[in-house]
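A.B. asks: Once you've had a glance at the structure underneath, I'll fire off some questions.
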Amino acid sequence: MTLALYVPRSSVVHRLPAGLKLLVLAALAVVLFALPTLTAAGVALAGVLAVGLLVARLPVAVLARQARAVRWWLLALLVVHALTTDWRTGTHVALRLLTLVLAAAVVTATTRVNAMVAVVERLCAPLRLVGVRPARVGLAITMALRFIPVLVERADRIREAQAARGGSPRGVRALRTTIAPLLVQVLQMAHDVSEALDARGADDVPPPRRRRSPTPEAS
């Protein structure tokens, strides 16, 4: 799945606090699973599209790109449920997944990354009592949001290079010929990023502050 990058607009959705938008996204997920009906999923999908396209005024291409990214997952869900349960259940599950993907795309396209990371760090603040560092959690989320689109771009370049060389494998072979070079690039990129973070002291634990002993008063 790809993640929509921030799309600057002067809409009401863009001006809402990041915490509120993340809370609404979580509430939407709960409602979709609490009301397991095809009607509820259809209404939720229509609402997400209305908010994203009409209220937030996002380009259609932004949401269409997210739908294309999960189209094979949606098709797989339909086929699996058609073989194990029925088409109606498969349609409902696929519609629910598509709704959550597009809702997440609306949130990421209308919220700056630093605002979302700040919310996550505030939520993780109580975990300091058990040794969790909220800044490190925020760094991990920032890197995930930044590098997932990079990985998608790298995969597209690999497929374009294969097509330019006259090779257009299909099926399992196409997946294998894309994953192998992509995995090599991912490992190299992870190594470079880890060295850069280590050079900047990102993993250093600050030493505890020592209390200064009171100076004796001059007699």
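Each chain of the structure tokens is named A, B, ... in the order shown, its residues numbered from 1; ligands are numbered from 1 in display order.
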Give me the residues near Val106 in chain A as a PyMOL selection string, where near means some atom within 8 Å (using only C-alpha atoms) and where sequence neighbours in that chain fewer than 4 positions away do not count.

C.D. replies: chain A and resi 4+48+52+63+102+110

A.B. asks: Counting only C-alpha atoms, what is within 12 Å of Val24 in chain A, bar same-chain residues fewer than 2 positions away, as a PDB file with N, CA, C and O atoms, in the first residue's frame?

C.D. replies:
ATOM      1  N   VAL A  13     -10.697  20.526   6.325  1.00  0.00           N
ATOM      2  CA  VAL A  13     -10.047  19.288   6.762  1.00  0.00           C
ATOM      3  C   VAL A  13      -8.568  19.530   7.038  1.00  0.00           C
ATOM      4  O   VAL A  13      -8.006  19.004   7.998  1.00  0.00           O
ATOM      5  N   LEU A  16      -8.026  21.114  10.515  1.00  0.00           N
ATOM      6  CA  LEU A  16      -8.357  20.352  11.719  1.00  0.00           C
ATOM      7  C   LEU A  16      -7.092  19.839  12.389  1.00  0.00           C
ATOM      8  O   LEU A  16      -6.102  19.528  11.725  1.00  0.00           O
ATOM      9  N   PRO A  17      -7.102  19.714  13.720  1.00  0.00           N
ATOM     10  CA  PRO A  17      -5.920  19.186  14.418  1.00  0.00           C
ATOM     11  C   PRO A  17      -5.626  17.750  13.993  1.00  0.00           C
ATOM     12  O   PRO A  17      -6.533  16.965  13.694  1.00  0.00           O
ATOM     13  N   ALA A  18      -4.352  17.417  13.973  1.00  0.00           N
ATOM     14  CA  ALA A  18      -3.952  16.067  13.563  1.00  0.00           C
ATOM     15  C   ALA A  18      -4.511  15.016  14.506  1.00  0.00           C
ATOM     16  O   ALA A  18      -4.930  13.931  14.068  1.00  0.00           O
ATOM     17  N   GLY A  19      -4.541  15.306  15.790  1.00  0.00           N
ATOM     18  CA  GLY A  19      -5.082  14.345  16.750  1.00  0.00           C
ATOM     19  C   GLY A  19      -6.540  14.025  16.497  1.00  0.00           C
ATOM     20  O   GLY A  19      -6.963  12.866  16.614  1.00  0.00           O
ATOM     21  N   LEU A  20      -7.321  15.049  16.144  1.00  0.00           N
ATOM     22  CA  LEU A  20      -8.734  14.829  15.865  1.00  0.00           C
ATOM     23  C   LEU A  20      -8.920  13.953  14.633  1.00  0.00           C
ATOM     24  O   LEU A  20      -9.766  13.052  14.609  1.00  0.00           O
ATOM     25  N   LYS A  21      -8.132  14.196  13.592  1.00  0.00           N
ATOM     26  CA  LYS A  21      -8.261  13.392  12.372  1.00  0.00           C
ATOM     27  C   LYS A  21      -7.864  11.938  12.613  1.00  0.00           C
ATOM     28  O   LYS A  21      -8.509  11.015  12.108  1.00  0.00           O
ATOM     29  N   LEU A  22      -6.822  11.716  13.396  1.00  0.00           N
ATOM     30  CA  LEU A  22      -6.438  10.346  13.721  1.00  0.00           C
ATOM     31  C   LEU A  22      -7.486   9.668  14.581  1.00  0.00           C
ATOM     32  O   LEU A  22      -7.753   8.466  14.433  1.00  0.00           O
ATOM     33  N   ALA A  26      -9.599   6.273  13.596  1.00  0.00           N
ATOM     34  CA  ALA A  26      -9.742   5.110  14.469  1.00  0.00           C
ATOM     35  C   ALA A  26     -11.208   4.793  14.735  1.00  0.00           C
ATOM     36  O   ALA A  26     -11.616   3.620  14.755  1.00  0.00           O
ATOM     37  N   ALA A  27     -12.034   5.831  14.932  1.00  0.00           N
ATOM     38  CA  ALA A  27     -13.459   5.615  15.166  1.00  0.00           C
ATOM     39  C   ALA A  27     -14.136   5.005  13.944  1.00  0.00           C
ATOM     40  O   ALA A  27     -15.016   4.143  14.066  1.00  0.00           O
ATOM     41  N   LEU A  28     -13.711   5.424  12.753  1.00  0.00           N
ATOM     42  CA  LEU A  28     -14.273   4.857  11.531  1.00  0.00           C
ATOM     43  C   LEU A  28     -13.968   3.364  11.437  1.00  0.00           C
ATOM     44  O   LEU A  28     -14.834   2.563  11.064  1.00  0.00           O
ATOM     45  N   ALA A  29     -12.747   2.979  11.782  1.00  0.00           N
ATOM     46  CA  ALA A  29     -12.389   1.562  11.757  1.00  0.00           C
ATOM     47  C   ALA A  29     -13.235   0.765  12.743  1.00  0.00           C
ATOM     48  O   ALA A  29     -13.707  -0.340  12.433  1.00  0.00           O
ATOM     49  N   VAL A  30     -13.458   1.328  13.919  1.00  0.00           N
ATOM     50  CA  VAL A  30     -14.282   0.634  14.917  1.00  0.00           C
ATOM     51  C   VAL A  30     -15.715   0.486  14.428  1.00  0.00           C
ATOM     52  O   VAL A  30     -16.338  -0.575  14.564  1.00  0.00           O
ATOM     53  N   VAL A  31     -16.258   1.549  13.833  1.00  0.00           N
ATOM     54  CA  VAL A  31     -17.640   1.505  13.348  1.00  0.00           C
ATOM     55  C   VAL A  31     -17.793   0.479  12.223  1.00  0.00           C
ATOM     56  O   VAL A  31     -18.776  -0.263  12.167  1.00  0.00           O
ATOM     57  N   VAL A  48     -16.265   8.988   2.879  1.00  0.00           N
ATOM     58  CA  VAL A  48     -14.830   9.249   2.740  1.00  0.00           C
ATOM     59  C   VAL A  48     -14.538   9.953   1.419  1.00  0.00           C
ATOM     60  O   VAL A  48     -13.761  10.915   1.361  1.00  0.00           O
ATOM     61  N   LEU A 100     -11.074   2.011   4.449  1.00  0.00           N
ATOM     62  CA  LEU A 100     -10.035   2.363   5.411  1.00  0.00           C
ATOM     63  C   LEU A 100      -8.776   2.877   4.708  1.00  0.00           C
ATOM     64  O   LEU A 100      -8.123   3.808   5.194  1.00  0.00           O
ATOM     65  N   ALA A 103      -9.568   6.391   3.563  1.00  0.00           N
ATOM     66  CA  ALA A 103      -9.650   7.284   4.721  1.00  0.00           C
ATOM     67  C   ALA A 103      -8.251   7.625   5.234  1.00  0.00           C
ATOM     68  O   ALA A 103      -7.959   8.779   5.578  1.00  0.00           O
ATOM     69  N   ALA A 104      -7.369   6.619   5.292  1.00  0.00           N
ATOM     70  CA  ALA A 104      -5.990   6.878   5.707  1.00  0.00           C
ATOM     71  C   ALA A 104      -5.288   7.799   4.717  1.00  0.00           C
ATOM     72  O   ALA A 104      -4.483   8.658   5.104  1.00  0.00           O
ATOM     73  N   VAL A 106      -6.729  10.151   2.948  1.00  0.00           N
ATOM     74  CA  VAL A 106      -7.239  11.506   3.188  1.00  0.00           C
ATOM     75  C   VAL A 106      -6.521  12.134   4.382  1.00  0.00           C
ATOM     76  O   VAL A 106      -6.146  13.307   4.353  1.00  0.00           O
ATOM     77  N   VAL A 107      -6.309  11.335   5.436  1.00  0.00           N
ATOM     78  CA  VAL A 107      -5.638  11.866   6.630  1.00  0.00           C
ATOM     79  C   VAL A 107      -4.204  12.257   6.308  1.00  0.00           C
ATOM     80  O   VAL A 107      -3.739  13.349   6.662  1.00  0.00           O
TER      81      VAL A 107
END

A.B. asks: Just want the 10 Å neighbourhood of range 9-11 of chain A, counted on only C-alpha atoms, with same-chain residues fewer than 3 positions away dropped. Output as number ranges by chain.

C.D. replies: A: 6, 14-16, 54-58, 109-110

A.B. asks: Looking at only C-alpha atoms, which of A:Leu74, A:Ala105, A:Arg157, A:Leu32 is the one that sits closest to Leu53 in chain A?

C.D. replies: A:Ala105

A.B. asks: Which one of A:His81, A:His191, A:His92, A:Arg65 sits closest to Val152 in chain A if you count only C-alpha atoms?

C.D. replies: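 Residue with the minimum atom-to-atom distance to Val152 in chain A: A:Arg65.
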
A.B. asks: Fewer than 5 positions away in the same chain doesn't count, so skip those; otherwise give me all residues within 8 Å of Leu45 in chain A, counting only C-alpha atoms, as a list in words.

C.D. replies: Leu95, Arg96, Leu98 and Thr99 of chain A

A.B. asks: Save out the residues we just selected, N, CA, C and O atoms, as a compact mmCIF listing (two decimals), in the first residue's frame.

C.D. replies:
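Dumped to again35.txt:
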# COMPACT_ATOMS: atom_id res chain seq x y z
N LEU A 95 -14.81 -3.93 0.34
CA LEU A 95 -15.29 -2.56 0.45
C LEU A 95 -14.82 -1.92 1.74
O LEU A 95 -14.45 -0.73 1.78
N ARG A 96 -14.80 -2.69 2.81
CA ARG A 96 -14.33 -2.17 4.10
C ARG A 96 -12.84 -1.84 4.04
O ARG A 96 -12.42 -0.79 4.55
N LEU A 98 -11.09 -1.09 1.33
CA LEU A 98 -10.93 0.08 0.46
C LEU A 98 -11.29 1.36 1.19
O LEU A 98 -10.62 2.39 1.03
N THR A 99 -12.34 1.32 2.00
CA THR A 99 -12.75 2.50 2.76
C THR A 99 -11.67 2.95 3.72
O THR A 99 -11.34 4.14 3.81

A.B. asks: For range 120-125 of chain A, list every protein, DNA or RNA residue within 12 Å, evaluated using only C-alpha atoms, and leave out those in the same chain fewer than 5 positions away; present the list as a PyMOL selection string.

C.D. replies: chain A and resi 18-19+22-23+113-115+130-142

A.B. asks: Once you have the residues from the selection above, write them out as an mmCIF file, in the first residue's frame, restricted to C-alpha atoms.

C.D. replies:
data_model
loop_
_atom_site.group_PDB
_atom_site.id
_atom_site.type_symbol
_atom_site.label_atom_id
_atom_site.label_comp_id
_atom_site.auth_asym_id
_atom_site.auth_seq_id
_atom_site.Cartn_x
_atom_site.Cartn_y
_atom_site.Cartn_z
ATOM 1 C CA ALA A 18 -3.952 16.067 13.563
ATOM 2 C CA GLY A 19 -5.082 14.345 16.750
ATOM 3 C CA LEU A 22 -6.438 10.346 13.721
ATOM 4 C CA LEU A 23 -9.193 9.871 16.289
ATOM 5 C CA VAL A 113 3.998 14.426 8.917
ATOM 6 C CA ASN A 114 5.475 16.421 11.799
ATOM 7 C CA ALA A 115 1.965 17.068 13.160
ATOM 8 C CA VAL A 130 8.710 1.445 31.097
ATOM 9 C CA GLY A 131 11.736 2.670 29.167
ATOM 10 C CA VAL A 132 10.146 3.617 25.835
ATOM 11 C CA ARG A 133 11.506 6.757 24.215
ATOM 12 C CA PRO A 134 8.698 8.654 22.422
ATOM 13 C CA ALA A 135 11.201 10.464 20.201
ATOM 14 C CA ARG A 136 12.445 7.139 18.862
ATOM 15 C CA VAL A 137 8.874 6.017 18.121
ATOM 16 C CA GLY A 138 8.261 9.274 16.282
ATOM 17 C CA LEU A 139 11.441 8.792 14.276
ATOM 18 C CA ALA A 140 10.356 5.290 13.244
ATOM 19 C CA ILE A 141 6.956 6.564 12.081
ATOM 20 C CA THR A 142 8.540 9.447 10.187
#
